[in-house]
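Below: run19.tsv (TSV, N, CA and C atoms and all ligand atoms)
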chain	number	residue	atom	x	y	z
A	262	MET	N	8.38	9.68	12.67
A	262	MET	CA	7.14	9.37	11.93
A	262	MET	C	7.41	8.31	10.85
A	263	THR	N	8.53	8.48	10.14
A	263	THR	CA	8.87	7.52	9.09
A	263	THR	C	9.09	6.13	9.68
A	264	VAL	N	9.75	6.11	10.87
A	264	VAL	CA	10.03	4.81	11.52
A	264	VAL	C	8.72	4.16	11.95
A	265	ILE	N	7.83	4.95	12.54
A	265	ILE	CA	6.53	4.40	12.99
A	265	ILE	C	5.76	3.86	11.78
A	266	ARG	N	5.77	4.61	10.68
A	266	ARG	CA	5.08	4.17	9.48
A	266	ARG	C	5.69	2.86	8.96
A	267	TRP	N	7.02	2.78	9.03
A	267	TRP	CA	7.70	1.57	8.55
A	267	TRP	C	7.30	0.37	9.42
A	268	ILE	N	7.29	0.59	10.77
A	268	ILE	CA	6.93	-0.51	11.69
A	268	ILE	C	5.48	-0.95	11.42
A	269	LEU	N	4.58	0.01	11.26
A	269	LEU	CA	3.17	-0.33	10.99
A	269	LEU	C	3.07	-1.12	9.67
A	270	GLY	N	3.84	-0.70	8.68
A	270	GLY	CA	3.85	-1.39	7.39
A	270	GLY	C	4.29	-2.84	7.54
A	271	GLN	N	5.34	-3.04	8.35
A	271	GLN	CA	5.83	-4.41	8.55
A	271	GLN	C	4.79	-5.26	9.27
A	272	ILE	N	4.10	-4.66	10.25
A	272	ILE	CA	3.04	-5.39	10.98
A	272	ILE	C	1.93	-5.80	10.00
A	273	ILE	N	1.56	-4.86	9.14
A	273	ILE	CA	0.51	-5.15	8.15
A	273	ILE	C	0.94	-6.30	7.24
A	274	LEU	N	2.20	-6.28	6.82
A	274	LEU	CA	2.67	-7.34	5.91
A	274	LEU	C	2.69	-8.71	6.61
A	275	VAL	N	3.10	-8.71	7.89
A	275	VAL	CA	3.14	-9.99	8.62
A	275	VAL	C	1.72	-10.52	8.82
A	276	LEU	N	0.80	-9.63	9.24
A	276	LEU	CA	-0.59	-10.06	9.45
A	276	LEU	C	-1.20	-10.56	8.13
A	277	ASP	N	-0.88	-9.85	7.05
A	277	ASP	CA	-1.40	-10.27	5.73
A	277	ASP	C	-0.86	-11.65	5.37
A	278	PHE	N	0.42	-11.87	5.65
A	278	PHE	CA	1.03	-13.17	5.34
A	278	PHE	C	0.37	-14.28	6.16
A	279	LEU	N	0.16	-14.00	7.46
A	279	LEU	CA	-0.38	-15.03	8.36
A	279	LEU	C	-1.85	-15.35	8.08
A	280	THR	N	-2.55	-14.40	7.52
A	280	THR	CA	-4.01	-14.60	7.33
A	280	THR	C	-4.37	-14.57	5.84
A	281	SER	N	-3.38	-14.84	5.01
A	281	SER	CA	-3.59	-14.76	3.56
A	281	SER	C	-4.74	-15.66	3.11
A	282	PRO	N	-5.70	-15.13	2.33
A	282	PRO	CA	-6.84	-15.96	1.92
A	282	PRO	C	-6.44	-17.03	0.91
A	283	LYS	N	-7.22	-18.08	0.86
A	283	LYS	CA	-6.99	-19.13	-0.15
A	283	LYS	C	-7.45	-18.63	-1.51
A	284	SER	N	-6.77	-19.08	-2.55
A	284	SER	CA	-7.18	-18.69	-3.91
A	284	SER	C	-8.26	-19.61	-4.44
A	285	LEU	N	-9.20	-19.01	-5.13
A	285	LEU	CA	-10.21	-19.78	-5.85
A	285	LEU	C	-9.50	-20.63	-6.92
A	286	VAL	N	-9.96	-21.87	-7.10
A	286	VAL	CA	-9.39	-22.70	-8.16
A	286	VAL	C	-10.45	-22.87	-9.24
A	287	ARG	N	-10.11	-22.40	-10.45
A	287	ARG	CA	-11.05	-22.53	-11.58
A	287	ARG	C	-10.60	-23.64	-12.51
A	288	GLU	N	-11.51	-24.07	-13.32
A	288	GLU	CA	-11.18	-25.00	-14.39
A	288	GLU	C	-10.21	-24.27	-15.33
A	289	VAL	N	-9.28	-25.02	-15.94
A	289	VAL	CA	-8.16	-24.41	-16.68
A	289	VAL	C	-8.62	-23.41	-17.75
A	290	THR	N	-9.62	-23.78	-18.53
A	290	THR	CA	-10.03	-22.87	-19.62
A	290	THR	C	-10.70	-21.61	-19.07
A	291	ALA	N	-11.44	-21.77	-17.96
A	291	ALA	CA	-12.07	-20.59	-17.35
A	291	ALA	C	-11.00	-19.64	-16.80
A	292	GLN	N	-9.97	-20.21	-16.18
A	292	GLN	CA	-8.90	-19.36	-15.63
A	292	GLN	C	-8.13	-18.68	-16.76
A	293	LYS	N	-7.95	-19.43	-17.86
A	293	LYS	CA	-7.22	-18.87	-19.01
A	293	LYS	C	-7.99	-17.68	-19.59
A	294	ALA	N	-9.31	-17.80	-19.66
A	294	ALA	CA	-10.14	-16.71	-20.20
A	294	ALA	C	-10.01	-15.48	-19.30
A	295	ILE	N	-9.99	-15.70	-17.98
A	295	ILE	CA	-9.85	-14.57	-17.06
A	295	ILE	C	-8.44	-13.99	-17.14
A	296	ASP	N	-7.45	-14.86	-17.26
A	296	ASP	CA	-6.05	-14.38	-17.37
A	296	ASP	C	-5.88	-13.50	-18.62
A	297	ASP	N	-6.56	-13.87	-19.69
A	297	ASP	CA	-6.46	-13.06	-20.92
A	297	ASP	C	-7.02	-11.66	-20.68
A	298	GLU	N	-8.09	-11.59	-19.90
A	298	GLU	CA	-8.69	-10.28	-19.60
A	298	GLU	C	-7.85	-9.49	-18.61
A	299	THR	N	-7.34	-10.17	-17.58
A	299	THR	CA	-6.57	-9.43	-16.56
A	299	THR	C	-5.21	-8.98	-17.11
A	300	ALA	N	-4.81	-9.54	-18.26
A	300	ALA	CA	-3.55	-9.08	-18.88
A	300	ALA	C	-3.66	-7.63	-19.34
A	301	THR	N	-4.88	-7.12	-19.42
A	301	THR	CA	-5.07	-5.72	-19.83
A	301	THR	C	-5.11	-4.78	-18.62
A	302	LEU	N	-4.91	-5.35	-17.44
A	302	LEU	CA	-4.98	-4.55	-16.20
A	302	LEU	C	-3.63	-4.54	-15.50
A	303	SER	N	-3.34	-3.46	-14.78
A	303	SER	CA	-2.17	-3.45	-13.90
A	303	SER	C	-2.50	-2.56	-12.71
A	304	MET	N	-1.90	-2.89	-11.58
A	304	MET	CA	-2.19	-2.09	-10.38
A	304	MET	C	-0.92	-1.43	-9.86
A	305	TYR	N	-0.99	-0.11	-9.79
A	305	TYR	CA	0.10	0.68	-9.20
A	305	TYR	C	-0.11	0.64	-7.70
A	306	GLN	N	0.95	0.33	-6.97
A	306	GLN	CA	0.77	0.09	-5.54
A	306	GLN	C	2.05	0.32	-4.75
A	307	PHE	N	1.90	0.34	-3.43
A	307	PHE	CA	3.03	0.29	-2.50
A	307	PHE	C	2.89	-1.05	-1.77
A	308	LYS	N	4.01	-1.69	-1.50
A	308	LYS	CA	3.95	-3.01	-0.86
A	308	LYS	C	3.21	-2.99	0.48
A	309	ALA	N	3.53	-2.01	1.32
A	309	ALA	CA	3.00	-2.03	2.69
A	309	ALA	C	1.82	-1.08	2.91
A	310	CYS	N	1.21	-0.62	1.85
A	310	CYS	CA	0.04	0.27	1.98
A	310	CYS	C	-1.18	-0.59	2.34
A	311	PRO	N	-1.88	-0.27	3.43
A	311	PRO	CA	-3.01	-1.12	3.85
A	311	PRO	C	-4.12	-1.20	2.80
A	312	PHE	N	-4.32	-0.12	2.04
A	312	PHE	CA	-5.36	-0.13	1.01
A	312	PHE	C	-4.96	-1.05	-0.15
A	313	CYS	N	-3.65	-1.07	-0.43
A	313	CYS	CA	-3.14	-1.97	-1.48
A	313	CYS	C	-3.21	-3.42	-1.01
A	314	VAL	N	-2.90	-3.65	0.26
A	314	VAL	CA	-2.99	-5.00	0.81
A	314	VAL	C	-4.43	-5.49	0.69
A	315	LYS	N	-5.38	-4.61	1.00
A	315	LYS	CA	-6.80	-4.99	0.91
A	315	LYS	C	-7.15	-5.45	-0.51
A	316	VAL	N	-6.71	-4.69	-1.51
A	316	VAL	CA	-7.01	-5.08	-2.90
A	316	VAL	C	-6.26	-6.36	-3.27
A	317	ARG	N	-4.98	-6.44	-2.87
A	317	ARG	CA	-4.20	-7.65	-3.22
A	317	ARG	C	-4.85	-8.90	-2.64
A	318	ARG	N	-5.41	-8.78	-1.45
A	318	ARG	CA	-6.08	-9.94	-0.84
A	318	ARG	C	-7.28	-10.37	-1.70
A	319	GLU	N	-8.00	-9.40	-2.23
A	319	GLU	CA	-9.14	-9.73	-3.11
A	319	GLU	C	-8.65	-10.36	-4.41
A	320	LEU	N	-7.52	-9.86	-4.92
A	320	LEU	CA	-6.96	-10.45	-6.14
A	320	LEU	C	-6.61	-11.92	-5.90
A	321	LYS	N	-6.00	-12.16	-4.74
A	321	LYS	CA	-5.60	-13.54	-4.43
A	321	LYS	C	-6.85	-14.41	-4.22
A	322	ARG	N	-7.79	-13.90	-3.43
A	322	ARG	CA	-9.01	-14.67	-3.14
A	322	ARG	C	-9.70	-15.12	-4.43
A	323	HIS	N	-9.72	-14.23	-5.41
A	323	HIS	CA	-10.46	-14.53	-6.65
A	323	HIS	C	-9.54	-14.98	-7.78
A	324	ALA	N	-8.28	-15.25	-7.46
A	324	ALA	CA	-7.31	-15.72	-8.47
A	324	ALA	C	-7.29	-14.82	-9.70
A	325	LEU	N	-7.19	-13.52	-9.45
A	325	LEU	CA	-7.06	-12.56	-10.55
A	325	LEU	C	-5.58	-12.21	-10.66
A	326	HIS	N	-4.97	-12.58	-11.76
A	326	HIS	CA	-3.52	-12.38	-11.91
A	326	HIS	C	-3.26	-11.06	-12.61
A	327	ILE	N	-3.14	-10.03	-11.79
A	327	ILE	CA	-2.97	-8.66	-12.30
A	327	ILE	C	-1.55	-8.19	-11.98
A	328	GLU	N	-0.89	-7.65	-12.99
A	328	GLU	CA	0.49	-7.18	-12.78
A	328	GLU	C	0.51	-6.07	-11.74
A	329	LEU	N	1.43	-6.19	-10.77
A	329	LEU	CA	1.57	-5.18	-9.72
A	329	LEU	C	2.76	-4.30	-10.06
A	330	ARG	N	2.57	-2.98	-9.99
A	330	ARG	CA	3.64	-2.04	-10.32
A	330	ARG	C	3.99	-1.19	-9.11
A	331	ASP	N	5.25	-1.21	-8.75
A	331	ASP	CA	5.72	-0.54	-7.53
A	331	ASP	C	5.88	0.96	-7.78
A	332	ALA	N	4.89	1.73	-7.33
A	332	ALA	CA	4.90	3.18	-7.56
A	332	ALA	C	5.62	3.92	-6.43
A	333	LYS	N	6.26	3.18	-5.52
A	333	LYS	CA	7.01	3.84	-4.45
A	333	LYS	C	8.51	3.86	-4.80
A	334	ASN	N	9.03	2.69	-5.19
A	334	ASN	CA	10.47	2.57	-5.40
A	334	ASN	C	10.91	2.72	-6.85
A	335	ASP	N	9.98	2.55	-7.77
A	335	ASP	CA	10.33	2.66	-9.19
A	335	ASP	C	9.93	4.06	-9.67
A	336	SER	N	10.93	4.91	-9.86
A	336	SER	CA	10.63	6.32	-10.16
A	336	SER	C	9.93	6.48	-11.50
A	337	ALA	N	10.22	5.60	-12.47
A	337	ALA	CA	9.56	5.71	-13.78
A	337	ALA	C	8.07	5.39	-13.65
A	338	LEU	N	7.75	4.37	-12.85
A	338	LEU	CA	6.34	4.01	-12.66
A	338	LEU	C	5.61	5.08	-11.85
A	339	LYS	N	6.32	5.63	-10.87
A	339	LYS	CA	5.74	6.71	-10.05
A	339	LYS	C	5.40	7.92	-10.95
A	340	ALA	N	6.34	8.28	-11.82
A	340	ALA	CA	6.13	9.42	-12.73
A	340	ALA	C	4.99	9.13	-13.69
A	341	GLU	N	4.93	7.88	-14.17
A	341	GLU	CA	3.86	7.49	-15.11
A	341	GLU	C	2.49	7.60	-14.45
A	342	LEU	N	2.42	7.15	-13.20
A	342	LEU	CA	1.14	7.21	-12.46
A	342	LEU	C	0.67	8.67	-12.33
A	343	VAL	N	1.60	9.55	-11.95
A	343	VAL	CA	1.24	10.96	-11.75
A	343	VAL	C	0.87	11.61	-13.09
A	344	ARG	N	1.69	11.33	-14.10
A	344	ARG	CA	1.50	11.98	-15.42
A	344	ARG	C	0.19	11.52	-16.07
A	345	GLU	N	-0.05	10.22	-16.03
A	345	GLU	CA	-1.20	9.69	-16.78
A	345	GLU	C	-2.45	9.49	-15.92
A	346	GLY	N	-2.23	9.13	-14.64
A	346	GLY	CA	-3.37	8.93	-13.76
A	346	GLY	C	-3.85	10.23	-13.12
A	347	GLY	N	-2.89	11.12	-12.87
A	347	GLY	CA	-3.23	12.43	-12.30
A	347	GLY	C	-2.86	12.60	-10.85
A	348	LEU	N	-2.66	11.52	-10.13
A	348	LEU	CA	-2.36	11.61	-8.69
A	348	LEU	C	-1.29	10.60	-8.32
A	349	HIS	N	-0.45	10.96	-7.34
A	349	HIS	CA	0.45	9.94	-6.78
A	349	HIS	C	-0.26	9.33	-5.57
A	350	ARG	N	-1.24	8.51	-5.87
A	350	ARG	CA	-1.97	7.83	-4.79
A	350	ARG	C	-2.18	6.39	-5.22
A	351	VAL	N	-2.03	5.50	-4.26
A	351	VAL	CA	-2.22	4.08	-4.55
A	351	VAL	C	-3.24	3.50	-3.57
A	352	PRO	N	-3.91	2.42	-3.93
A	352	PRO	CA	-3.80	1.70	-5.18
A	352	PRO	C	-4.47	2.44	-6.33
A	353	CYS	N	-3.99	2.15	-7.54
A	353	CYS	CA	-4.63	2.69	-8.74
A	353	CYS	C	-4.60	1.58	-9.80
A	354	LEU	N	-5.76	1.29	-10.34
A	354	LEU	CA	-5.86	0.25	-11.37
A	354	LEU	C	-5.81	0.89	-12.75
A	355	ARG	N	-4.87	0.44	-13.57
A	355	ARG	CA	-4.78	0.91	-14.96
A	355	ARG	C	-5.55	-0.08	-15.83
A	356	ILE	N	-6.57	0.46	-16.51
A	356	ILE	CA	-7.45	-0.39	-17.32
A	356	ILE	C	-7.26	-0.02	-18.79
A	357	ALA	N	-6.66	-0.95	-19.55
A	357	ALA	CA	-6.49	-0.71	-20.98
A	357	ALA	C	-7.74	-1.22	-21.70
A	358	LYS	N	-8.37	-0.34	-22.43
A	358	LYS	CA	-9.64	-0.68	-23.09
A	358	LYS	C	-9.39	-1.19	-24.51
A	359	PRO	N	-10.36	-1.94	-25.07
A	359	PRO	CA	-10.19	-2.46	-26.44
A	359	PRO	C	-9.99	-1.35	-27.48
A	360	ASP	N	-10.54	-0.15	-27.22
A	360	ASP	CA	-10.37	0.95	-28.20
A	360	ASP	C	-9.04	1.70	-28.00
A	361	CYS	N	-8.16	1.10	-27.18
A	361	CYS	CA	-6.81	1.63	-26.92
A	361	CYS	C	-6.80	2.82	-25.94
A	362	SER	N	-7.97	3.22	-25.44
A	362	SER	CA	-7.97	4.26	-24.40
A	362	SER	C	-7.61	3.59	-23.08
A	363	VAL	N	-7.25	4.43	-22.10
A	363	VAL	CA	-6.84	3.91	-20.78
A	363	VAL	C	-7.61	4.63	-19.69
A	364	GLU	N	-8.10	3.85	-18.74
A	364	GLU	CA	-8.78	4.44	-17.58
A	364	GLU	C	-7.91	4.19	-16.36
A	365	TRP	N	-7.81	5.21	-15.49
A	365	TRP	CA	-7.04	5.08	-14.26
A	365	TRP	C	-8.04	5.12	-13.10
A	366	LEU	N	-8.17	4.03	-12.40
A	366	LEU	CA	-9.18	3.94	-11.35
A	366	LEU	C	-8.51	3.94	-9.98
A	367	TYR	N	-8.78	5.00	-9.20
A	367	TYR	CA	-8.26	5.12	-7.85
A	367	TYR	C	-9.32	4.62	-6.86
A	368	GLU	N	-8.94	4.54	-5.59
A	368	GLU	CA	-9.81	4.15	-4.46
A	368	GLU	C	-9.96	2.62	-4.38
A	369	SER	N	-9.44	2.07	-3.31
A	369	SER	CA	-9.46	0.61	-3.13
A	369	SER	C	-10.87	0.03	-3.25
A	370	ASN	N	-11.85	0.67	-2.63
A	370	ASN	CA	-13.21	0.11	-2.68
A	370	ASN	C	-13.77	0.14	-4.10
A	371	ASP	N	-13.42	1.19	-4.84
A	371	ASP	CA	-13.92	1.30	-6.22
A	371	ASP	C	-13.24	0.24	-7.10
A	372	ILE	N	-11.95	-0.01	-6.84
A	372	ILE	CA	-11.23	-1.03	-7.62
A	372	ILE	C	-11.85	-2.40	-7.37
A	373	ILE	N	-12.09	-2.71	-6.10
A	373	ILE	CA	-12.67	-4.01	-5.75
A	373	ILE	C	-14.07	-4.15	-6.37
A	374	ALA	N	-14.86	-3.08	-6.29
A	374	ALA	CA	-16.21	-3.13	-6.87
A	374	ALA	C	-16.14	-3.32	-8.38
A	375	TYR	N	-15.20	-2.63	-9.03
A	375	TYR	CA	-15.04	-2.77	-10.49
A	375	TYR	C	-14.70	-4.22	-10.86
A	376	LEU	N	-13.75	-4.80	-10.12
A	376	LEU	CA	-13.32	-6.17	-10.43
A	376	LEU	C	-14.47	-7.16	-10.21
A	377	LYS	N	-15.23	-6.93	-9.12
A	377	LYS	CA	-16.35	-7.84	-8.83
A	377	LYS	C	-17.39	-7.78	-9.93
A	378	THR	N	-17.67	-6.58	-10.41
A	378	THR	CA	-18.65	-6.44	-11.48
A	378	THR	C	-18.13	-7.03	-12.79
A	379	ARG	N	-16.89	-6.67	-13.13
A	379	ARG	CA	-16.35	-7.10	-14.43
A	379	ARG	C	-16.21	-8.62	-14.52
A	380	PHE	N	-15.78	-9.24	-13.39
A	380	PHE	CA	-15.52	-10.68	-13.45
A	380	PHE	C	-16.63	-11.49	-12.77
A	381	ASN	N	-17.72	-10.79	-12.45
A	381	ASN	CA	-18.89	-11.47	-11.89
A	381	ASN	C	-18.54	-12.28	-10.64
A	382	LEU	N	-17.87	-11.60	-9.69
A	382	LEU	CA	-17.40	-12.28	-8.47
A	382	LEU	C	-18.39	-12.02	-7.34
A	383	THR	N	-18.38	-12.93	-6.36
A	383	THR	CA	-19.26	-12.72	-5.21
A	383	THR	C	-18.47	-12.15	-4.03
A	401	LIG	N1	-9.09	6.13	0.20
A	401	LIG	C1	-7.93	5.64	-0.52
A	401	LIG	C2	-6.70	5.85	0.36
A	401	LIG	C3	-5.40	5.59	-0.41
A	401	LIG	C4	-4.19	6.13	0.31
A	401	LIG	O1	-4.28	6.93	1.26
A	401	LIG	N2	-3.02	5.70	-0.14
A	401	LIG	C5	-1.79	6.23	0.37
A	401	LIG	C6	-0.81	5.08	0.69
A	401	LIG	S1	-1.39	4.05	2.00
A	401	LIG	C7	-1.11	7.07	-0.69
A	401	LIG	O2	-1.24	6.79	-1.86
A	401	LIG	N3	-0.39	8.11	-0.30
A	401	LIG	C8	0.32	8.95	-1.25
A	401	LIG	C9	1.78	9.02	-0.96
A	401	LIG	O3	2.26	8.40	-0.01
A	401	LIG	O4	2.48	9.70	-1.74
A	401	LIG	C10	-8.16	4.18	-0.89
A	401	LIG	O5	-8.97	3.49	-0.23
A	401	LIG	O6	-7.57	3.71	-1.87

Show this structure as structure tokens.
Ligand SMILES: N[C@@H](CCC(=O)N[C@@H](CS)C(=O)NCC(=O)O)C(=O)O
Amino acid sequence: MTVIRWILGQIILVLDFLTSPKSLVREVTAQKAIDDETATLSMYQFKACPFCVKVRRELKRHALHIELRDAKNDSALKAELVREGGLHRVPCLRIAKPDCSVEWLYESNDIIAYLKTRFNLT
């Protein structure tokens, strides 16, 4: 089962590489304003998880530079996700709010919808 999962993961990564979407190009100041906002976000993920690939493709398409955190191989990040987010499930978007509170958003579709709303994406 582990081997089959690994093979499927590699296929997903190759297909993602071959069909990788083009990044939106913004004017420098507009991109800088978005980069300042995305600096408050990070995504806990597994490299070969299809749901994470789906979100990463949206990040690339919309040129959202969000720090990716490996919750599979990095035991400290994995523990942090479970302790603070509540579940060892990826993808999970960590949203640091201006009032210093933190929201942990699970579910790939919900993460994509959140990003589209927050950054006014089509
Ligand atoms: N419905 C979820 C599915 C997420 C999901 O099943 N993620 C798997 C990895 S592909 C996971 O986190 N599994 C927990 C684990 O392997 O410990 C979504 O769309 O984000």

**Message:** At a cut-off of 7 Å and counting only C-alpha atoms and all ligand atoms, what residues surround ligand LIG 401 (chain A)? Please answer as a ChimeraX atom specification.
**Reply:** /A:307,310-312,349-352,367-370

**Prompt:** Given the choices A:Asp277, A:Asp296, A:Asp335, A:Asp371, which gets closest to Arg318 (chain A) if the distance is worked out from only C-alpha atoms?
**Reply:**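 With only C-alpha atoms as the atom set, the closest residue is A:Asp277.
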
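When CA of Ala309 (chain A) is paired with CA of Ala374 (chain A), their separation reads 21.5 Å.
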
**Prompt:** What lies within 6.5 Å of Trp365 (chain A) using only N, CA and C atoms, ignoring chain neighbours under 4 positions off, as a list in words?
**Reply:**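 These residues fall inside the cut-off: Gly346, Cys353, Leu354, Arg355 and Ile356 of chain A.
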
Hey, what's within 12 Å of Asn334 (chain A) if we count only C-alpha atoms and toss same-chain stuff fewer than 3 positions away? As a short mmCIF file (atom, residue, chain, number, x, y, z; two decimals) with N, CA and C atoms, in the frame of the given file, please?
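Contents of result28.cif, freshly written:
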data_model
loop_
_atom_site.label_atom_id
_atom_site.label_comp_id
_atom_site.auth_asym_id
_atom_site.auth_seq_id
_atom_site.Cartn_x
_atom_site.Cartn_y
_atom_site.Cartn_z
N TYR A 305 -0.99 -0.11 -9.79
CA TYR A 305 0.10 0.68 -9.20
C TYR A 305 -0.11 0.64 -7.70
N GLN A 306 0.95 0.33 -6.97
CA GLN A 306 0.77 0.09 -5.54
C GLN A 306 2.05 0.32 -4.75
N PHE A 307 1.90 0.34 -3.43
CA PHE A 307 3.03 0.29 -2.50
C PHE A 307 2.89 -1.05 -1.77
N LYS A 308 4.01 -1.69 -1.50
CA LYS A 308 3.95 -3.01 -0.86
C LYS A 308 3.21 -2.99 0.48
N ALA A 309 3.53 -2.01 1.32
CA ALA A 309 3.00 -2.03 2.69
C ALA A 309 1.82 -1.08 2.91
N ARG A 330 2.57 -2.98 -9.99
CA ARG A 330 3.64 -2.04 -10.32
C ARG A 330 3.99 -1.19 -9.11
N ASP A 331 5.25 -1.21 -8.75
CA ASP A 331 5.72 -0.54 -7.53
C ASP A 331 5.88 0.96 -7.78
N ALA A 337 10.22 5.60 -12.47
CA ALA A 337 9.56 5.71 -13.78
C ALA A 337 8.07 5.39 -13.65
N LEU A 338 7.75 4.37 -12.85
CA LEU A 338 6.34 4.01 -12.66
C LEU A 338 5.61 5.08 -11.85
N LYS A 339 6.32 5.63 -10.87
CA LYS A 339 5.74 6.71 -10.05
C LYS A 339 5.40 7.92 -10.95
N ALA A 340 6.34 8.28 -11.82
CA ALA A 340 6.13 9.42 -12.73
C ALA A 340 4.99 9.13 -13.69
#

**Message:** Using DSSP secondary structure from the backbone, list all helix (DSSP H, G or I) positions within region 271-356 of chain A, as a ChimeraX atom specification.
**Reply:** /A:271-279,289-299,311-322,336-346

**Message:** So, with all atoms listed in the file as the atoms that count, which of A:Val289, A:Leu320, A:Met262, A:Ile327 lies closest to Met304 (chain A)?
**Reply:**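 Once distances to Met304 (chain A) are computed over all atoms listed in the file, the minimum belongs to A:Ile327.
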
**Asked** For Leu302 (chain A), which residue out of A:Leu329, A:Val314, A:Val343, A:Val275 is the nearest one, using only C-alpha atoms?
**Response** A:Leu329

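Across the structure, CA of Arg344 (chain A) and atom N of Ala300 (chain A) are spaced 22.6 Å apart.
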
**Message:** Between CA of Thr299 (chain A) and atom N of Glu328 (chain A), what distance in Å does the model show, to one decimal?
**Reply:**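 Atom-to-atom, CA of Thr299 (chain A) and atom N of Glu328 (chain A) are spaced 6.9 Å apart.
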
**Item:** Nearest-residue call for Val286 (chain A), choices A:Ala324, A:Leu342, A:Ala332, A:Leu382, using all atoms listed in the file
**Value:**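 Using all atoms listed in the file, the shortest distance to Val286 (chain A) belongs to A:Ala324.
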
**Request:** Using DSSP on the backbone, list every residue of region 308-342 of chain A that comes out as strand (DSSP E), and give them as a ChimeraX atom specification.
**Result:** /A:328-331

**Request:** Tell me which protein, DNA and RNA residues are within 6.5 Å of Leu285 (chain A), counting only N, CA and C atoms, leaving out same-chain ones fewer than 6 positions away, and put them as a list in words.
**Result:**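 Returned residues: Lys321, Arg322, His323 and Ala324 of chain A.
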